[in-house]
Amino acid sequence: MNFLFDIVYKKVVFDMTKVECILRPNKIKEVKDALGSIGIKGLTVTEAVGCGLQKGHIDMELEAWDNELSITLLPKTKLEMVVTDDVVDKVIDTIIKAARTGQVGDGKIFTYHVNNAIRIRTGETGEKAV
Ligand SMILES: Nc1ncnc2c1ncn2[C@@H]1O[C@H](COP(=O)(O)OP(=O)(O)OP(=O)(O)O)[C@@H](O)[C@H]1O
Ligand SMILES: [Mg+2]
């Protein structure tokens, strides 16, 4: 019974997703402001380096990337936020609209299910804590 209660309760109350995106550093302000305008308040920003399909190369022909052995790490910025599931699609749309240039290296968005959040000051948990 407790087990069933847990499933139902968590399904109703604790539906949250972590949206993590790796973006061009010069797009962060635009993305952050756009997220602010749709009501996103809590987020974390981390300076990072990384590479994607082109292994960090930005000045070669497409076919050459596959043959290139060395990997170059380019400056990127990681932006992460935990949001309630009802706003995930809107958050993703907003990030894409603000971050996209159409050139390689625009970045990536990953989503993860989150099973709880706790506001340390008040002890609130779940959706109330994000
Ligand atoms: N599979 C991955 N796992 C973790 N991080 C990734 C992954 N792919 C990309 N990244 C991160 O995202 C950054 C930007 O990736 P990027 O936009 O170049 O991806 P891509 O797959 O090469 O797409 P594009 O062809 O549009 O460039 C990378 O520098 C890296 O930090
Ligand atoms: Mg790339």
# chains A, B, ... in the order shown; residues from 1 in each chain; ligands from 1
call {"tool": "residues_near_ligand", "arguments": {"ligand": "ligand 2", "cutoff": "12 Å", "atoms": "only C-alpha atoms and all ligand atoms", "output": "compact mmCIF listing (two decimals) with N, CA and C atoms, in the first residue's frame"}}
result
# COMPACT_ATOMS: atom_id res chain seq x y z
N ILE A 22 24.31 22.81 -23.40
CA ILE A 22 25.67 23.28 -23.65
C ILE A 22 25.56 24.27 -24.80
N LEU A 23 25.95 25.50 -24.55
CA LEU A 23 25.68 26.57 -25.51
C LEU A 23 26.93 27.36 -25.84
N ARG A 24 26.82 28.17 -26.90
CA ARG A 24 27.90 29.12 -27.20
C ARG A 24 27.95 30.15 -26.06
N GLY A 50 34.42 21.75 -24.59
CA GLY A 50 33.87 20.52 -25.13
C GLY A 50 34.01 20.44 -26.63
N CYS A 51 33.54 19.33 -27.17
CA CYS A 51 33.51 19.19 -28.63
C CYS A 51 32.34 18.28 -29.00
N GLY A 52 31.93 18.38 -30.24
CA GLY A 52 30.82 17.56 -30.72
C GLY A 52 31.25 16.77 -31.93
N LEU A 53 30.35 16.67 -32.88
CA LEU A 53 30.56 15.88 -34.10
C LEU A 53 31.84 16.24 -34.84
N GLN A 54 32.18 17.53 -34.83
CA GLN A 54 33.34 17.98 -35.60
C GLN A 54 34.63 17.94 -34.78
N LYS A 55 34.56 17.35 -33.59
CA LYS A 55 35.72 17.20 -32.71
C LYS A 55 36.38 18.53 -32.40
N GLY A 56 35.59 19.56 -32.35
CA GLY A 56 36.11 20.88 -31.99
C GLY A 56 36.70 21.66 -33.14
N HIS A 57 36.68 21.07 -34.35
CA HIS A 57 37.26 21.78 -35.50
C HIS A 57 36.21 22.65 -36.15
N ILE A 58 36.58 23.89 -36.42
CA ILE A 58 35.58 24.81 -36.95
C ILE A 58 35.94 25.35 -38.33
N ASP A 59 37.11 24.97 -38.83
CA ASP A 59 37.58 25.61 -40.05
C ASP A 59 37.98 24.59 -41.12
N MET A 60 37.32 23.42 -41.13
CA MET A 60 37.67 22.40 -42.12
C MET A 60 36.43 21.98 -42.89
N LEU A 62 33.62 19.40 -44.25
CA LEU A 62 32.90 18.36 -43.50
C LEU A 62 33.58 16.99 -43.59
N TRP A 65 36.58 16.26 -41.23
CA TRP A 65 36.40 16.08 -39.79
C TRP A 65 36.51 14.61 -39.37
N ILE A 71 41.55 15.98 -31.22
CA ILE A 71 40.32 16.58 -30.72
C ILE A 71 40.66 17.92 -30.10
N THR A 72 39.96 18.95 -30.52
CA THR A 72 40.16 20.27 -29.95
C THR A 72 38.97 20.58 -29.05
N LEU A 73 39.26 21.15 -27.89
CA LEU A 73 38.17 21.52 -26.99
C LEU A 73 37.89 23.02 -27.11
N LEU A 74 36.64 23.34 -27.37
CA LEU A 74 36.24 24.74 -27.54
C LEU A 74 35.51 25.24 -26.30
N LYS A 76 32.72 26.47 -24.08
CA LYS A 76 31.25 26.36 -24.12
C LYS A 76 30.74 26.77 -22.75
N GLY A 102 22.31 28.40 -36.52
CA GLY A 102 22.24 27.60 -37.73
C GLY A 102 23.60 27.09 -38.17
N GLN A 103 24.65 27.55 -37.50
CA GLN A 103 26.01 27.08 -37.80
C GLN A 103 26.37 25.91 -36.88
N VAL A 104 27.36 25.09 -37.29
CA VAL A 104 27.79 24.00 -36.41
C VAL A 104 28.29 24.59 -35.09
N GLY A 105 28.04 23.84 -34.01
CA GLY A 105 28.49 24.30 -32.70
C GLY A 105 27.44 25.04 -31.90
N ASP A 106 26.19 25.04 -32.38
CA ASP A 106 25.12 25.73 -31.65
C ASP A 106 24.85 25.11 -30.28
N GLY A 107 25.22 23.83 -30.13
CA GLY A 107 25.09 23.21 -28.82
C GLY A 107 24.05 22.13 -28.75
N LYS A 108 23.74 21.71 -27.54
CA LYS A 108 22.88 20.56 -27.34
C LYS A 108 22.07 20.71 -26.07
call {"tool": "residues_around", "arguments": {"residues": "stretch 111-116 of chain A", "least_positions_apart": "4", "cutoff": "8 Å", "atoms": "only C-alpha atoms", "output": "list in words"}}
result
Lys10, Phe14, Asp15, Met16, Thr17, Lys18, Val19, Glu20, Val82, Thr125 and Gly126 of chain A
call {"tool": "write_last_selection", "arguments": {"atoms": "N, CA and C atoms", "output": "mmCIF file, in the first residue's frame"}}
result
data_model
loop_
_atom_site.group_PDB
_atom_site.id
_atom_site.type_symbol
_atom_site.label_atom_id
_atom_site.label_comp_id
_atom_site.auth_asym_id
_atom_site.auth_seq_id
_atom_site.Cartn_x
_atom_site.Cartn_y
_atom_site.Cartn_z
ATOM 1 N N LYS A 10 4.309 10.497 -5.933
ATOM 2 C CA LYS A 10 5.458 11.038 -6.666
ATOM 3 C C LYS A 10 5.072 11.428 -8.084
ATOM 4 N N PHE A 14 5.812 15.043 -7.749
ATOM 5 C CA PHE A 14 7.240 15.219 -8.015
ATOM 6 C C PHE A 14 7.613 15.035 -9.485
ATOM 7 N N ASP A 15 6.854 15.619 -10.394
ATOM 8 C CA ASP A 15 7.216 15.478 -11.796
ATOM 9 C C ASP A 15 8.099 16.630 -12.232
ATOM 10 N N MET A 16 9.370 16.355 -12.219
ATOM 11 C CA MET A 16 10.327 17.417 -12.551
ATOM 12 C C MET A 16 11.373 16.890 -13.526
ATOM 13 N N THR A 17 11.903 17.800 -14.295
ATOM 14 C CA THR A 17 12.926 17.451 -15.281
ATOM 15 C C THR A 17 14.101 18.410 -15.148
ATOM 16 N N LYS A 18 15.288 17.846 -15.276
ATOM 17 C CA LYS A 18 16.472 18.707 -15.354
ATOM 18 C C LYS A 18 16.770 18.949 -16.829
ATOM 19 N N VAL A 19 16.831 20.204 -17.206
ATOM 20 C CA VAL A 19 17.189 20.578 -18.571
ATOM 21 C C VAL A 19 18.619 21.097 -18.519
ATOM 22 N N GLU A 20 19.488 20.399 -19.225
ATOM 23 C CA GLU A 20 20.907 20.782 -19.234
ATOM 24 C C GLU A 20 21.266 21.139 -20.669
ATOM 25 N N VAL A 82 16.316 22.842 -13.099
ATOM 26 C CA VAL A 82 15.301 21.825 -12.824
ATOM 27 C C VAL A 82 13.950 22.530 -12.841
ATOM 28 N N THR A 125 9.907 20.168 -0.350
ATOM 29 C CA THR A 125 10.412 19.188 -1.299
ATOM 30 C C THR A 125 9.588 19.195 -2.585
ATOM 31 N N GLY A 126 10.085 18.493 -3.580
ATOM 32 C CA GLY A 126 9.364 18.323 -4.837
ATOM 33 C C GLY A 126 9.168 19.638 -5.578
#
call {"tool": "closest_residue", "arguments": {"among": "A:Ala117, A:Ile95, A:Ala48, A:Val88", "to": "ligand 1", "atoms": "only C-alpha atoms and all ligand atoms"}}
result
A:Ala48
call {"tool": "atom_distance", "arguments": {"atom1": "atom CA of A:Leu79", "atom2": "atom CA of A:Thr44"}}
result
5.7 Å
call {"tool": "select_by_dssp", "arguments": {"residues": "chain A", "states": "alpha helix (DSSP H)", "output": "JSON, numbers by chain"}}
result
{"A": [2, 3, 4, 5, 6, 7, 8, 9, 10, 11, 12, 13, 28, 29, 30, 31, 32, 33, 34, 35, 36, 37, 62, 63, 64, 65, 66, 67, 88, 89, 90, 91, 92, 93, 94, 95, 96, 97, 98, 99]}
call {"tool": "closest_residue", "arguments": {"among": "A:Lys78, A:Lys27, A:Lys41, A:Lys97", "to": "ligand 1", "atoms": "only C-alpha atoms and all ligand atoms"}}
result
A:Lys78
call {"tool": "closest_residue", "arguments": {"among": "A:Leu69, A:Ala129, A:Ile40, A:Ile28", "to": "A:Val91", "atoms": "only C-alpha atoms"}}
result
A:Ile40
call {"tool": "atom_distance", "arguments": {"atom1": "atom CA of A:Glu30", "atom2": "atom 14 (C, counted along the ligand's line) of ligand 1"}}
result
17.1 Å
call {"tool": "residues_around", "arguments": {"residues": "A:Ile38", "least_positions_apart": "6", "cutoff": "10 Å", "atoms": "only C-alpha atoms", "output": "list of chain:residue names"}}
result
A:Val87, A:Lys90, A:Val91, A:Thr94
call {"tool": "write_last_selection", "arguments": {"atoms": "N, CA and C atoms", "output": "PDB file, in the first residue's frame"}}
result
ATOM      1  N   VAL A  87       6.379  22.723 -17.965  1.00  0.00           N
ATOM      2  CA  VAL A  87       7.018  23.821 -18.716  1.00  0.00           C
ATOM      3  C   VAL A  87       8.228  23.365 -19.547  1.00  0.00           C
ATOM      4  N   LYS A  90       8.214  24.294 -23.299  1.00  0.00           N
ATOM      5  CA  LYS A  90       8.367  25.742 -23.466  1.00  0.00           C
ATOM      6  C   LYS A  90       9.824  26.167 -23.206  1.00  0.00           C
ATOM      7  N   VAL A  91      10.428  25.565 -22.193  1.00  0.00           N
ATOM      8  CA  VAL A  91      11.822  25.868 -21.862  1.00  0.00           C
ATOM      9  C   VAL A  91      12.730  25.485 -23.043  1.00  0.00           C
ATOM     10  N   THR A  94      12.275  27.824 -25.965  1.00  0.00           N
ATOM     11  CA  THR A  94      12.862  29.129 -25.656  1.00  0.00           C
ATOM     12  C   THR A  94      14.383  29.091 -25.813  1.00  0.00           C
TER      13      THR A  94
END
call {"tool": "closest_residue", "arguments": {"among": "A:Asp93, A:Asp86, A:Glu47, A:Glu63", "to": "A:Asn26", "atoms": "only C-alpha atoms"}}
result
A:Glu47
call {"tool": "atom_distance", "arguments": {"atom1": "atom CA of A:Phe110", "atom2": "atom 11 (C, counted along the ligand's line) of ligand 1"}}
result
9.8 Å
call {"tool": "closest_residue", "arguments": {"among": "A:Gly36, A:Pro25, A:Gly42, A:Gly123", "to": "ligand 1", "atoms": "only C-alpha atoms and all ligand atoms"}}
result
A:Pro25
call {"tool": "closest_residue", "arguments": {"among": "A:Cys21, A:Ile120, A:Val49, A:Ala34", "to": "A:Pro75", "atoms": "only C-alpha atoms"}}
result
A:Val49
